[in-house]
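See below for the structure under consideration.
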Amino acid sequence: MQEPADPPNGSNIQDIVGVDTEPDSEVTGRLEVDAVPSKSAKKKAKKKAAAAKKADPETGGSRAHEEVGVTGNSNGTAESNGIPTAQTNGTSGKKKKTKGKKSLVQTDPPTIPVADLLPGGLAPEGEWQSYKDDQRWRETSEEKRAQARLQDEMINEVRHAAEVHRQVRQYMRGIIKPGIDMTYMCTALEDNVRKLIQANGFEAGIAFPTGCSLNHVAAHWTPNAGDKTVLQYDDVMKLDFGTHIHGHIVDSAFTIAFNPKYDPLLDAVKAATNAGIQEAGVDARLGDIGAAVQQVMESYEVELDGKTRQVKVVRGLNGHQIDQYKIHGNKSVPNVRGGEQGVRMEEGEFYAIETFGSTGVVLTFLLMRASSNV
């Protein structure tokens with residue numbers, strides 16, 4: 001098709017008429033535009049339009065006349081606006097500006113409740129894991145998929161709580177530095193959880209007190225009022241916190257170490273956790289999960305102070321089932337082979353796969369309500 005013709009000097013877009021497209025062609029936005037016609041040309045155009053309407057009373061002539069309006073840009077040429085228009089008399093239509101609703105983006109530090117960031121109220125799904133071989137049929141069974149849809153509301157609440165956890169975790173990674181006061185750190189973390197999840201009594205909020213165990217302390221330590229502990233460069237901290245909506249708990253922890261010499265230790269625990277997750281699923285034996293965790297964990301070594309040490313699983317600390325409003329359910333997930341023989345995961349259950357690695361003797365004892373390894 002031809003390029004739009006330039007209008008005469010001194011004319012504006014209201015002066016441009018006689019828009020048409022090639023017959024039987026799709027509207028592409030490139031239109032033929034004639035200069036301002038004479039009176040006789042206008043009469044001919046009216047007769048032509050009347051004849052077309054008479055020939056095709058349903059459409060009233062050219063399809064393009066009904067579907068394409070014309071607006072002008074700063075250089076006086078014509079452009080298709082792609083918006084349906086009711087003007088079919090050859091005069092140009094004005095382009096309407098539509099104000100699109102801007103999608104919210106989380107601030108830094110985070111201040112917007114996660115519920116306000118979810119399109120249509122749907123939380124992100126996250127990572128999917130396939131079932132083990134003998135349970136793979138669940139992924140294609142129409143009956144099982146229909147049953148799963150009955151749980152959509154509850155699952156979406158869990159994903160919502162998980163997204164709050166992820167955003168708070170991401171923010172805390174950015175502010176945790178050597179020298180941070182541990183009490184301040186825990187307060188900032190829990191304040192952000194309350195804000196993003198819109199804490200409301202038992203409806204939504206913090207699932208359990210924040211754990212920030214250091215070095216030989218494996219789990220469940222948190223600073224009491226007046227504690228002046230400060231995080232150091234050579235510390236290894238396990239940061240453990242939880243979120244919940246209607247009692248559906250997300251329990252997740254991660255390790256922070258600034259000295260790169262501990263990187264192999266962190267890599268070992270992360271790989272072991274992923275191995276446990278991959279082994280989990282409906283009908284999975286809890287003992288098999290523990291065997292997978294131990295095999296991966298103890299394949300790693302760490303060089304500390306000139307000595308090579310094997311990473312070992314901390315015995316006596318396990319993953320666990322999670323019930324509604326109850327962080328520790330009846331079943332435990334071992335991190336070593338031989339435990340929980342014959343006990344299996346069942347459909348509809350929630351679990352936390354929790355792995356602990358150490359270069360020490362890996363026995364545990366209770367000390368001032370804190371579980372430590374020696």
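Please note that chains go A, B, ... in the order of the structure tokens, that every chain numbers its residues from 1, and that ligands are numbered from 1 in the order shown.
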
*Members of segment 68-268 of chain A assigned alpha helix (DSSP H) by DSSP, as JSON, numbers by chain*: {"A": [142, 143, 144, 145, 146, 147, 148, 149, 152, 153, 154, 155, 156, 157, 158, 159, 160, 161, 162, 163, 164, 165, 166, 167, 168, 169, 170, 171, 172, 173, 174, 175, 182, 183, 184, 185, 186, 187, 188, 189, 190, 191, 192, 193, 194, 195, 196, 197, 263, 264, 265, 266, 267, 268]}

*Would you kindly return, as an MDAnalysis selection string, each protein, DNA or RNA residue with an atom no farther than 12 Å from any atom of Val193 of chain A, considering only C-alpha atoms and excluding same-chain residues fewer than 6 positions away?*
chainID A and resid 110:114 161:172 186:187 199:200 204:210 241:245

_Near-Glu301 of chain A list (6 Å; only C-alpha atoms; drop same-chain fewer than 4 positions) as a list in words_ = Arg309, Gln310 and Val311 of chain A

*asked:* Just checking: using only C-alpha atoms, which residue out of A:Lys307, A:Lys312, A:His220, A:Lys132 ends up closest to Leu265 of chain A?
replied: A:Lys312

*Any idea what's packed within 8 Å of Asn215 of chain A, counting only C-alpha atoms, ignoring anything in its chain fewer than 5 positions away? Could you give it as JSON, numbers by chain?*
{"A": [235, 236, 237]}

_Give me the residues near segment 342-350 of chain A as a PyMOL selection string, where near means some atom within 9 Å (using only C-alpha atoms) and where sequence neighbours in that chain fewer than 4 positions away do not count._
chain A and resi 249+280-287+320-323+331
